[in-house]
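Asks: Structure file query18.pdb (PDB, C-alpha atoms) is given on the next line.
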```
ATOM      1  CA  MET A   1      12.598  26.697   1.429
ATOM      2  CA  ASN A   2      13.109  25.967  -2.292
ATOM      3  CA  PHE A   3      16.787  25.003  -2.417
ATOM      4  CA  PHE A   4      18.387  23.419  -5.440
ATOM      5  CA  GLY A   5      22.002  22.934  -6.359
ATOM      6  CA  THR A   6      24.755  20.981  -4.614
ATOM      7  CA  ASP A   7      24.877  20.360  -0.873
ATOM      8  CA  THR A   8      27.338  18.329   1.183
ATOM      9  CA  PHE A   9      27.120  16.882   4.658
ATOM     10  CA  THR A  10      29.370  14.742   6.838
ATOM     11  CA  TYR A  11      28.499  11.923   9.182
ATOM     12  CA  THR A  12      29.975   9.275  11.469
ATOM     13  CA  VAL A  13      28.681   5.848  12.462
ATOM     14  CA  ASN A  14      28.635   4.418  16.009
ATOM     15  CA  ASP A  15      28.080   0.706  16.650
ATOM     16  CA  ASP A  16      26.690  -0.938  19.777
ATOM     17  CA  ASP A  17      30.196  -1.573  21.116
ATOM     18  CA  GLY A  18      30.963   2.130  21.281
ATOM     19  CA  ALA A  19      33.280   2.249  18.272
ATOM     20  CA  THR A  20      33.076   5.351  16.091
ATOM     21  CA  SER A  21      34.074   5.467  12.466
ATOM     22  CA  ASN A  22      36.004   8.243  10.854
ATOM     23  CA  SER A  23      33.885  10.911   9.174
ATOM     24  CA  ALA A  24      32.753  10.802   5.582
ATOM     25  CA  THR A  25      31.281  13.397   3.276
ATOM     26  CA  VAL A  26      28.194  12.966   1.122
ATOM     27  CA  THR A  27      27.400  15.215  -1.819
ATOM     28  CA  VAL A  28      23.767  15.570  -2.845
ATOM     29  CA  THR A  29      22.788  17.322  -6.047
ATOM     30  CA  VAL A  30      19.287  18.762  -5.889
ATOM     31  CA  THR A  31      17.959  19.225  -9.404
ATOM     32  CA  PRO A  32      15.327  21.918 -10.010
ATOM     33  CA  VAL A  33      12.107  20.404 -11.343
ATOM     34  CA  SER A  34       8.813  21.739 -12.597
ATOM     35  CA  ASP A  35       6.188  22.484 -10.001
ATOM     36  CA  ILE A  36       2.586  23.639  -9.720
ATOM     37  CA  ALA A  37       2.679  27.294  -8.722
ATOM     38  CA  GLY A  38      -1.072  27.867  -8.606
ATOM     39  CA  ARG A  39      -4.508  26.287  -9.062
ATOM     40  CA  ARG A  40      -7.414  28.664  -9.592
ATOM     41  CA  ILE A  41     -10.993  28.774 -10.748
ATOM     42  CA  PHE A  42     -12.529  31.787 -12.450
ATOM     43  CA  TYR A  43     -15.963  32.970 -13.572
ATOM     44  CA  ASN A  44     -15.615  32.882 -17.324
ATOM     45  CA  ASN A  45     -18.099  34.948 -19.306
ATOM     46  CA  SER A  46     -18.991  37.090 -16.284
ATOM     47  CA  PHE A  47     -18.887  40.805 -15.486
ATOM     48  CA  PHE A  48     -15.424  40.304 -14.016
ATOM     49  CA  ASP A  49     -13.805  39.289 -17.311
ATOM     50  CA  GLY A  50     -15.887  41.672 -19.387
ATOM     51  CA  PHE A  51     -18.371  38.951 -20.326
ATOM     52  CA  SER A  52     -15.697  37.458 -22.557
ATOM     53  CA  SER A  53     -16.115  33.797 -23.402
ATOM     54  CA  GLY A  54     -12.550  33.434 -24.700
ATOM     55  CA  ALA A  55      -9.279  33.044 -22.821
ATOM     56  CA  GLY A  56      -7.243  36.146 -22.139
ATOM     57  CA  ILE A  57      -5.647  38.363 -19.547
ATOM     58  CA  SER A  58      -9.089  39.603 -18.490
ATOM     59  CA  ASP A  59      -9.711  36.179 -16.952
ATOM     60  CA  ASP A  60      -7.304  37.093 -14.153
ATOM     61  CA  GLY A  61      -9.867  39.629 -12.950
ATOM     62  CA  ALA A  62     -12.499  36.898 -12.743
ATOM     63  CA  ILE A  63     -10.469  34.558 -10.501
ATOM     64  CA  ALA A  64     -12.465  33.623  -7.393
ATOM     65  CA  PRO A  65     -10.218  34.841  -4.550
ATOM     66  CA  ASP A  66     -12.262  33.044  -1.895
ATOM     67  CA  LYS A  67     -12.015  29.616  -3.541
ATOM     68  CA  GLU A  68      -9.120  27.175  -3.490
ATOM     69  CA  ALA A  69      -8.625  23.763  -5.023
ATOM     70  CA  LEU A  70      -9.490  20.679  -3.007
ATOM     71  CA  LEU A  71      -6.356  18.565  -2.676
ATOM     72  CA  PRO A  72      -5.923  14.855  -1.910
ATOM     73  CA  GLY A  73      -6.169  14.190   1.816
ATOM     74  CA  GLU A  74      -8.584  17.074   2.428
ATOM     75  CA  THR A  75     -12.358  17.189   2.923
ATOM     76  CA  ALA A  76     -14.375  19.552   0.752
ATOM     77  CA  ASP A  77     -16.026  22.689   2.116
ATOM     78  CA  PHE A  78     -17.603  25.882   0.765
ATOM     79  CA  GLY A  79     -14.173  27.183  -0.203
ATOM     80  CA  ASN A  80     -13.718  24.405  -2.772
ATOM     81  CA  TYR A  81     -16.840  24.853  -4.894
ATOM     82  CA  THR A  82     -18.604  27.711  -6.607
ATOM     83  CA  SER A  83     -22.286  28.591  -6.930
ATOM     84  CA  TYR A  84     -21.816  30.019 -10.418
ATOM     85  CA  SER A  85     -24.896  29.716 -12.603
ATOM     86  CA  ARG A  86     -22.698  28.794 -15.593
ATOM     87  CA  GLY A  87     -21.069  25.940 -13.716
ATOM     88  CA  ILE A  88     -17.336  25.246 -13.927
ATOM     89  CA  ASN A  89     -16.305  26.938 -17.139
ATOM     90  CA  GLY A  90     -12.807  28.247 -16.450
ATOM     91  CA  VAL A  91      -9.767  27.037 -14.509
ATOM     92  CA  ILE A  92      -6.163  28.206 -14.396
ATOM     93  CA  VAL A  93      -3.102  26.091 -13.621
ATOM     94  CA  ASP A  94       0.246  27.850 -13.158
ATOM     95  CA  ILE A  95       3.179  25.552 -13.968
ATOM     96  CA  GLU A  96       6.843  26.325 -13.323
ATOM     97  CA  GLY A  97       9.076  24.959 -16.050
ATOM     98  CA  LEU A  98       6.361  23.875 -18.475
ATOM     99  CA  GLY A  99       8.054  21.596 -20.992
ATOM    100  CA  ALA A 100       5.809  22.261 -24.004
ATOM    101  CA  THR A 101       2.759  24.286 -24.978
ATOM    102  CA  PRO A 102      -0.617  22.514 -24.779
ATOM    103  CA  THR A 103      -3.253  22.997 -27.460
ATOM    104  CA  LEU A 104      -6.741  21.592 -27.801
ATOM    105  CA  ALA A 105      -5.285  18.856 -29.988
ATOM    106  CA  THR A 106      -2.568  17.916 -27.476
ATOM    107  CA  ILE A 107      -4.162  18.748 -24.121
ATOM    108  CA  GLY A 108      -4.516  15.042 -23.335
ATOM    109  CA  ASN A 109      -0.732  14.876 -23.174
ATOM    110  CA  PHE A 110      -0.773  17.384 -20.326
ATOM    111  CA  PHE A 111      -4.027  16.916 -18.390
ATOM    112  CA  GLU A 112      -6.740  14.402 -17.596
ATOM    113  CA  PHE A 113     -10.240  15.593 -16.659
ATOM    114  CA  GLN A 114     -12.808  13.454 -14.816
ATOM    115  CA  VAL A 115     -16.178  14.274 -13.250
ATOM    116  CA  GLY A 116     -18.134  12.689 -10.431
ATOM    117  CA  ASN A 117     -20.013  13.372  -7.234
ATOM    118  CA  ASP A 118     -18.975  10.878  -4.572
ATOM    119  CA  ASN A 119     -15.959   9.290  -2.944
ATOM    120  CA  SER A 120     -15.791   6.471  -5.507
ATOM    121  CA  PHE A 121     -13.087   8.246  -7.454
ATOM    122  CA  ALA A 122     -12.288   5.211  -9.601
ATOM    123  CA  SER A 123     -15.806   5.447 -11.038
ATOM    124  CA  TYR A 124     -15.481   9.066 -12.166
ATOM    125  CA  THR A 125     -16.117   9.483 -15.866
ATOM    126  CA  THR A 126     -14.348  11.445 -18.572
ATOM    127  CA  ALA A 127     -15.274  15.121 -18.410
ATOM    128  CA  PRO A 128     -16.585  17.065 -21.397
ATOM    129  CA  ALA A 129     -13.735  18.293 -23.557
ATOM    130  CA  PRO A 130     -12.543  21.879 -23.085
ATOM    131  CA  ILE A 131     -13.304  24.320 -25.875
ATOM    132  CA  GLU A 132     -10.173  26.427 -25.428
ATOM    133  CA  VAL A 133      -6.723  26.232 -23.871
ATOM    134  CA  ALA A 134      -4.248  29.097 -23.812
ATOM    135  CA  VAL A 135      -0.795  29.611 -22.328
ATOM    136  CA  ARG A 136       0.631  32.938 -21.184
ATOM    137  CA  ALA A 137       4.321  32.286 -20.672
ATOM    138  CA  GLY A 138       5.775  33.847 -17.537
ATOM    139  CA  GLU A 139       2.476  35.438 -16.466
ATOM    140  CA  GLY A 140       1.554  32.982 -13.736
ATOM    141  CA  ALA A 141       2.426  33.081 -10.046
ATOM    142  CA  GLY A 142       6.131  33.685  -9.480
ATOM    143  CA  GLY A 143       6.815  33.972 -13.197
ATOM    144  CA  SER A 144       5.389  30.549 -13.992
ATOM    145  CA  ASP A 145       3.487  29.741 -17.167
ATOM    146  CA  ARG A 146      -0.264  30.377 -16.846
ATOM    147  CA  VAL A 147      -2.423  27.707 -18.506
ATOM    148  CA  THR A 148      -6.064  28.753 -18.942
ATOM    149  CA  ILE A 149      -8.634  26.066 -19.734
ATOM    150  CA  ILE A 150     -12.214  26.879 -20.739
ATOM    151  CA  TRP A 151     -15.332  24.735 -21.035
ATOM    152  CA  ALA A 152     -18.690  25.626 -22.546
ATOM    153  CA  ASP A 153     -21.149  27.067 -20.031
ATOM    154  CA  ASN A 154     -23.017  24.504 -17.912
ATOM    155  CA  VAL A 155     -21.483  21.353 -19.384
ATOM    156  CA  ILE A 156     -19.833  20.807 -15.961
ATOM    157  CA  GLU A 157     -22.174  21.742 -13.134
ATOM    158  CA  LYS A 158     -23.512  20.351  -9.855
ATOM    159  CA  GLN A 159     -20.604  17.914  -9.523
ATOM    160  CA  TRP A 160     -16.839  17.728  -9.049
ATOM    161  CA  LEU A 161     -14.195  18.201 -11.690
ATOM    162  CA  GLU A 162     -11.012  16.206 -11.070
ATOM    163  CA  ILE A 163      -7.955  17.670 -12.776
ATOM    164  CA  THR A 164      -4.793  15.622 -13.104
ATOM    165  CA  VAL A 165      -1.667  17.352 -14.347
ATOM    166  CA  LEU A 166       0.332  14.510 -15.848
ATOM    167  CA  ALA A 167       3.969  13.826 -15.019
ATOM    168  CA  ASN A 168       5.936  13.754 -18.255
ATOM    169  CA  ALA A 169       8.259  15.777 -20.450
ATOM    170  CA  ASN A 170       5.373  17.981 -21.610
ATOM    171  CA  THR A 171       4.537  19.294 -18.134
ATOM    172  CA  GLY A 172       8.007  18.827 -16.682
ATOM    173  CA  LEU A 173       6.517  17.340 -13.509
ATOM    174  CA  VAL A 174       8.128  14.327 -11.835
ATOM    175  CA  SER A 175       4.854  13.262 -10.206
ATOM    176  CA  GLU A 176       1.204  13.825 -11.052
ATOM    177  CA  ASP A 177      -0.695  16.696  -9.471
ATOM    178  CA  VAL A 178      -4.375  16.065  -8.728
ATOM    179  CA  HIS A 179      -6.910  18.635  -7.549
ATOM    180  CA  TYR A 180     -10.680  19.154  -7.557
ATOM    181  CA  TRP A 181     -13.225  21.915  -8.121
ATOM    182  CA  GLY A 182     -16.944  21.645  -7.385
ATOM    183  CA  ASN A 183     -20.096  23.501  -8.354
ATOM    184  CA  ALA A 184     -23.506  23.818  -6.681
ATOM    185  CA  VAL A 185     -25.616  26.356  -8.576
ATOM    186  CA  GLY A 186     -27.573  28.627  -6.230
ATOM    187  CA  GLU A 187     -25.809  27.573  -3.002
ATOM    188  CA  THR A 188     -25.153  30.465  -0.602
ATOM    189  CA  GLY A 189     -23.034  28.611   1.951
ATOM    190  CA  ASP A 190     -25.760  29.078   4.557
ATOM    191  CA  ASN A 191     -24.956  25.738   6.198
ATOM    192  CA  LEU A 192     -21.322  24.678   6.043
ATOM    193  CA  ALA A 193     -22.255  21.102   6.922
ATOM    194  CA  ASN A 194     -23.969  20.525   3.575
ATOM    195  CA  THR A 195     -24.470  21.966   0.103
ATOM    196  CA  ASP A 196     -28.276  21.882  -0.016
ATOM    197  CA  VAL A 197     -29.933  24.483  -2.238
ATOM    198  CA  SER A 198     -33.317  25.201  -0.710
ATOM    199  CA  ALA A 199     -35.890  27.845   0.125
ATOM    200  CA  THR A 200     -33.402  29.171   2.663
ATOM    201  CA  ASP A 201     -30.955  30.065  -0.118
ATOM    202  CA  GLN A 202     -33.761  31.639  -2.116
ATOM    203  CA  ALA A 203     -34.892  33.745   0.848
ATOM    204  CA  MET A 204     -31.365  34.811   1.763
ATOM    205  CA  THR A 205     -30.762  35.904  -1.815
ATOM    206  CA  ARG A 206     -33.978  37.941  -1.798
ATOM    207  CA  ASP A 207     -32.931  39.585   1.461
ATOM    208  CA  ASN A 208     -29.560  40.626   0.032
ATOM    209  CA  PHE A 209     -30.518  42.404  -3.184
ATOM    210  CA  THR A 210     -28.014  45.052  -4.274
ATOM    211  CA  THR A 211     -28.408  48.345  -6.120
ATOM    212  CA  PHE A 212     -26.243  50.216  -8.622
ATOM    213  CA  LEU A 213     -24.932  52.163  -5.623
ATOM    214  CA  THR A 214     -23.823  48.979  -3.858
ATOM    215  CA  PRO A 215     -22.821  46.493  -6.552
ATOM    216  CA  ALA A 216     -21.924  42.951  -5.567
ATOM    217  CA  GLY A 217     -18.246  42.093  -5.411
ATOM    218  CA  ILE A 218     -16.777  38.958  -6.867
ATOM    219  CA  THR A 219     -17.052  37.073  -3.557
ATOM    220  CA  ASN A 220     -20.718  37.941  -2.952
ATOM    221  CA  PRO A 221     -22.384  34.557  -2.261
ATOM    222  CA  TYR A 222     -25.781  35.649  -3.640
ATOM    223  CA  ASP A 223     -24.656  36.883  -7.052
ATOM    224  CA  PHE A 224     -24.927  33.521  -8.776
ATOM    225  CA  ASN A 225     -24.549  34.854 -12.314
ATOM    226  CA  ARG A 226     -21.675  37.159 -11.347
ATOM    227  CA  ASP A 227     -23.084  40.288 -12.980
ATOM    228  CA  THR A 228     -22.602  42.405  -9.782
ATOM    229  CA  ASP A 229     -26.387  42.771  -9.409
ATOM    230  CA  VAL A 230     -28.082  40.556  -6.818
ATOM    231  CA  SER A 231     -31.663  40.641  -7.995
ATOM    232  CA  ALA A 232     -34.762  38.620  -8.738
ATOM    233  CA  THR A 233     -32.724  36.851 -11.397
ATOM    234  CA  ASP A 234     -30.443  35.368  -8.743
ATOM    235  CA  GLN A 235     -33.425  34.538  -6.563
ATOM    236  CA  ALA A 236     -34.890  32.605  -9.487
ATOM    237  CA  ILE A 237     -31.570  30.805 -10.036
ATOM    238  CA  ALA A 238     -31.670  29.531  -6.454
ATOM    239  CA  ARG A 239     -35.338  28.537  -6.754
ATOM    240  CA  ASP A 240     -34.761  26.669 -10.024
ATOM    241  CA  ASN A 241     -31.851  24.686  -8.635
ATOM    242  CA  PHE A 242     -33.279  23.254  -5.404
ATOM    243  CA  THR A 243     -31.558  19.977  -4.545
ATOM    244  CA  THR A 244     -32.583  16.671  -3.032
ATOM    245  CA  PHE A 245     -30.530  13.974  -1.361
ATOM    246  CA  ILE A 246     -30.168  12.416  -4.807
ATOM    247  CA  ASN A 247     -28.507  15.307  -6.634
ATOM    248  CA  VAL A 248     -26.958  17.429  -3.878
ATOM    249  CA  LEU A 249     -23.224  18.103  -4.246
ATOM    250  CA  GLN A 250     -21.330  15.745  -1.957
ATOM    251  CA  LEU A 251     -18.574  17.018   0.339
ATOM    252  CA  ILE A 252     -15.995  14.573  -0.927
ATOM    253  CA  SER A 253     -12.738  13.478   0.714
ATOM    254  CA  PRO A 254     -10.158  12.387  -1.874
ATOM    255  CA  PRO A 255      -7.502  10.059  -0.410
ATOM    256  CA  PRO A 256      -3.973  11.326   0.191
ATOM    257  CA  ALA A 257      -1.657  11.160  -2.780
ATOM    258  CA  PRO A 258       0.841   8.267  -2.707
ATOM    259  CA  LEU A 259       4.467   9.116  -2.022
ATOM    260  CA  SER A 260       6.352   9.343  -5.272
ATOM    261  CA  SER A 261       9.466   7.243  -5.740
ATOM    262  CA  LEU A 262      12.641   9.248  -6.303
ATOM    263  CA  ALA A 263      15.388   8.409  -8.723
ATOM    264  CA  ALA A 264      18.801   8.053  -7.149
ATOM    265  CA  SER A 265      20.256  10.791  -9.328
ATOM    266  CA  SER A 266      17.596  13.438  -8.792
ATOM    267  CA  ILE A 267      15.977  14.743  -5.611
ATOM    268  CA  SER A 268      13.601  17.695  -5.622
ATOM    269  CA  SER A 269      14.274  20.488  -3.157
ATOM    270  CA  ASP A 270      11.005  19.943  -1.304
ATOM    271  CA  ASP A 271      11.820  16.244  -0.851
ATOM    272  CA  LEU A 272      15.316  16.812   0.572
ATOM    273  CA  LEU A 273      14.033  17.436   4.076
ATOM    274  CA  SER A 274      11.004  15.151   3.874
ATOM    275  CA  LEU A 275      12.430  11.926   2.466
ATOM    276  CA  SER A 276      11.829   8.859   4.572
ATOM    277  CA  ALA A 277      15.010   7.289   5.947
ATOM    278  CA  SER A 278      14.450   4.201   3.812
ATOM    279  CA  SER A 279      15.467   6.198   0.768
ATOM    280  CA  PHE A 280      19.102   6.018   1.912
ATOM    281  CA  VAL A 281      21.288   2.930   2.081
ATOM    282  CA  VAL A 282      24.256   3.128   4.461
ATOM    283  CA  SER A 283      27.327   0.953   4.007
ATOM    284  CA  LEU A 284      30.679   0.720   5.773
ATOM    285  CA  THR A 285      33.860  -0.235   3.909
ATOM    286  CA  ASN A 286      37.214  -0.333   5.704
ATOM    287  CA  ALA A 287      35.693   1.723   8.545
ATOM    288  CA  SER A 288      35.014   4.580   6.119
ATOM    289  CA  PRO A 289      31.261   5.142   5.868
ATOM    290  CA  THR A 290      29.673   6.117   2.575
ATOM    291  CA  VAL A 291      26.083   6.845   1.637
ATOM    292  CA  SER A 292      24.380   5.981  -1.609
ATOM    293  CA  LEU A 293      20.860   6.799  -2.734
ATOM    294  CA  SER A 294      18.456   4.066  -3.710
ATOM    295  CA  PRO A 295      14.996   4.426  -5.323
ATOM    296  CA  ASN A 296      13.489   1.884  -2.948
ATOM    297  CA  GLY A 297      15.871   1.880  -0.012
ATOM    298  CA  GLN A 298      16.460  -1.862  -0.022
ATOM    299  CA  ALA A 299      19.602  -3.199   1.699
ATOM    300  CA  ASP A 300      21.036  -6.657   1.168
ATOM    301  CA  THR A 301      21.590  -7.479   4.842
ATOM    302  CA  THR A 302      20.589  -6.035   8.168
ATOM    303  CA  LEU A 303      22.530  -4.371  10.977
ATOM    304  CA  THR A 304      20.242  -3.226  13.768
ATOM    305  CA  ASP A 305      22.298  -1.130  16.164
ATOM    306  CA  LEU A 306      23.924   1.653  14.170
ATOM    307  CA  SER A 307      23.495   5.317  15.018
ATOM    308  CA  LEU A 308      24.549   8.125  12.703
ATOM    309  CA  ASN A 309      25.329  11.803  13.041
ATOM    310  CA  ALA A 310      25.224  14.177  10.096
ATOM    311  CA  SER A 311      25.920  17.836   9.488
ATOM    312  CA  SER A 312      25.251  19.893   6.384
ATOM    313  CA  GLN A 313      27.581  22.342   4.683
ATOM    314  CA  GLN A 314      24.648  24.146   3.027
ATOM    315  CA  THR A 315      23.272  27.134   4.925
ATOM    316  CA  GLY A 316      19.590  26.695   5.654
ATOM    317  CA  VAL A 317      19.497  22.893   5.442
ATOM    318  CA  ASN A 318      18.410  21.347   8.710
ATOM    319  CA  ASP A 319      21.208  19.187  10.126
ATOM    320  CA  ALA A 320      18.868  17.239  12.366
ATOM    321  CA  ALA A 321      16.669  16.441   9.408
ATOM    322  CA  LEU A 322      19.668  15.094   7.512
ATOM    323  CA  THR A 323      20.552  12.875  10.443
ATOM    324  CA  ASP A 324      16.977  11.589  10.536
ATOM    325  CA  LEU A 325      17.248  10.752   6.854
ATOM    326  CA  LEU A 326      20.179   8.480   7.567
ATOM    327  CA  VAL A 327      18.741   6.586  10.531
ATOM    328  CA  GLN A 328      16.909   3.602   9.087
ATOM    329  CA  LYS A 329      15.888   0.102   9.963
ATOM    330  CA  GLU A 330      17.909  -1.622   7.265
ATOM    331  CA  LYS A 331      21.622  -0.974   6.799
ATOM    332  CA  GLU A 332      24.298  -3.000   5.124
ATOM    333  CA  THR A 333      26.642  -5.095   7.240
ATOM    334  CA  VAL A 334      30.026  -3.695   8.244
ATOM    335  CA  GLU A 335      32.677  -5.505   6.251
TER     336      GLU A 335
END
```
Is it possible to give me this structure as structure tokens?
Replies:
Amino acid sequence: MNFFGTDTFTYTVNDDDGATSNSATVTVTVTPVSDIAGRRIFYNNSFFDGFSSGAGISDDGAIAPDKEALLPGETADFGNYTSYSRGINGVIVDIEGLGATPTLATIGNFFEFQVGNDNSFASYTTAPAPIEVAVRAGEGAGGSDRVTIIWADNVIEKQWLEITVLANANTGLVSEDVHYWGNAVGETGDNLANTDVSATDQAMTRDNFTTFLTPAGITNPYDFNRDTDVSATDQAIARDNFTTFINVLQLISPPPAPLSSLAASSISSDDLLSLSASSFVVSLTNASPTVSLSPNGQADTTLTDLSLNASSQQTGVNDAALTDLLVQKEKETVE
């Protein structure tokens, strides 16, 4: 559900003596905010974008359909890193409601890029600077703005790239978005428990040579240079990139993202049904209950035995979820 607009719901309050208040109505305005509509990696300067090193619509054809960004709270696997011989040289971020247009000169106002290869994320270092950034307005997922970012070949390889989309007026985001892409040149995914590149990868590549009659598709795990021809060249790429325990790509596990605090005047549609109850402060005045939103959910005094019932006037909003939002540990004293 991606609701925004105005919703109302009513509720009553019951105390531990069995008394029930009259009903009250709460109006919540859900303001549409920018969102990340897509995170993708593509094989820049490959057969699939016409061996073009620049940003353009042809990059869409080089998107790796079998790869997805590693998100906070997840553990990396073969679906989060590529084996591309040119390393990580192209990513796409689709942003709904992009507030401004990034350029190479201003990209630091939109994104932060770090690289590393372990779970000590605070020790990651600044990534090499991109060489191109381009925006195709309205051409991303769901009509979002497609931001294409390109790095020189092989300046980011055999490690993880951490991408942070900043939360500010430029991106339109209310909270940062962090995701990761990895690269292990010559890795075939032969053992999902590790990312070792070894003689096994070399042999498997040799055993899966293609011909002009059976060209390799974009997801072929043995076509490391993404030219559609699995050949001795790819076998050599695997052989020349054998790893040891020192330089093997680590299967990292970034910690979950912290919950963002919400301003009292603005609640995103996704947060409406997932807010913790502490985000609402309940007060009773002259037996007429009212609800106000608070950024931190702090109440001045405590009343322990109140139960609330709520119902929504907006079709599709879960009434039980709204009730859960109102039931909290700290509530103001009945006056």
Asks: Where does the PyMOL selection byres ((chain A and resi 188) around 8) land in this file, that is, which residues does it pick, as JSON, numbers by chain?
Replies: {"A": [83, 186, 187, 189, 190, 197, 201, 204, 205, 221, 222]}
Asks: So, with all atoms listed in the file as the atoms that count, which of A:Thr243, A:Asn109, A:Pro72, A:Pro215 lies closest to Pro258 in chain A?
Replies: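 The answer is A:Pro72, which sits nearest to Pro258 in chain A.
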Asks: Spell out the residues picked by the PyMOL selection byres ((chain A and resi 62) around 8) here, as a list in words.
Replies: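 Expected selection for the PyMOL selection byres ((chain A and resi 62) around 8) here is Phe42, Tyr43, Asn44, Ser46, Phe47, Phe48, Asp49, Ser58, Asp59, Asp60, Gly61, Ile63, Ala64 and Ile218 of chain A.
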Asks: Those selected residues, please, written with C-alpha atoms and delivered as a short mmCIF file (atom, residue, chain, number, x, y, z; two decimals), keeping the file's coordinate frame.
Replies:
```cif
data_model
loop_
_atom_site.label_atom_id
_atom_site.label_comp_id
_atom_site.auth_asym_id
_atom_site.auth_seq_id
_atom_site.Cartn_x
_atom_site.Cartn_y
_atom_site.Cartn_z
CA PHE A 42 -12.53 31.79 -12.45
CA TYR A 43 -15.96 32.97 -13.57
CA ASN A 44 -15.62 32.88 -17.32
CA SER A 46 -18.99 37.09 -16.28
CA PHE A 47 -18.89 40.80 -15.49
CA PHE A 48 -15.42 40.30 -14.02
CA ASP A 49 -13.80 39.29 -17.31
CA SER A 58 -9.09 39.60 -18.49
CA ASP A 59 -9.71 36.18 -16.95
CA ASP A 60 -7.30 37.09 -14.15
CA GLY A 61 -9.87 39.63 -12.95
CA ILE A 63 -10.47 34.56 -10.50
CA ALA A 64 -12.46 33.62 -7.39
CA ILE A 218 -16.78 38.96 -6.87
#
```
Asks: Which is closest to Phe110 in chain A among A:Ala55, A:Ala193, A:Ala152, A:Val147, if we use only C-alpha atoms?
Replies: A:Val147
Asks: Find the residues near Ser23 in chain A: any atom within 7 Å, counting all atoms listed in the file, skip ones fewer than 6 places away on the same chain, and give them as an MDAnalysis selection string.
Replies: chainID A and resid 10:12
Asks: Please provide as JSON, numbers by chain all residues within 8 Å of Trp181 in chain A, with the sequence filter that same-chain residues fewer than 3 positions apart are discarded (counting only C-alpha atoms).
Replies: {"A": [41, 69, 70, 80, 81, 88, 160, 161, 162]}
Asks: What does the distance from CA of Arg206 in chain A to CA of Ser85 in chain A come to in Å, to one decimal?
Replies: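 CA of Ser85 in chain A lies at a distance of 16.3 Å from CA of Arg206 in chain A.
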Asks: Write out as a count of residues only the residues lying within 9 Å of Arg39 in chain A, counting all atoms listed in the file and excluding same-chain residues fewer than 3 positions away.
Replies: 8
Asks: With distances taken over only C-alpha atoms, which of A:Gly97, A:Thr82, A:Val165, A:Gln159 is nearest to Thr125 in chain A?
Replies: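 Nearest candidate to Thr125 in chain A out of A:Gly97, A:Thr82, A:Val165, A:Gln159: A:Gln159.
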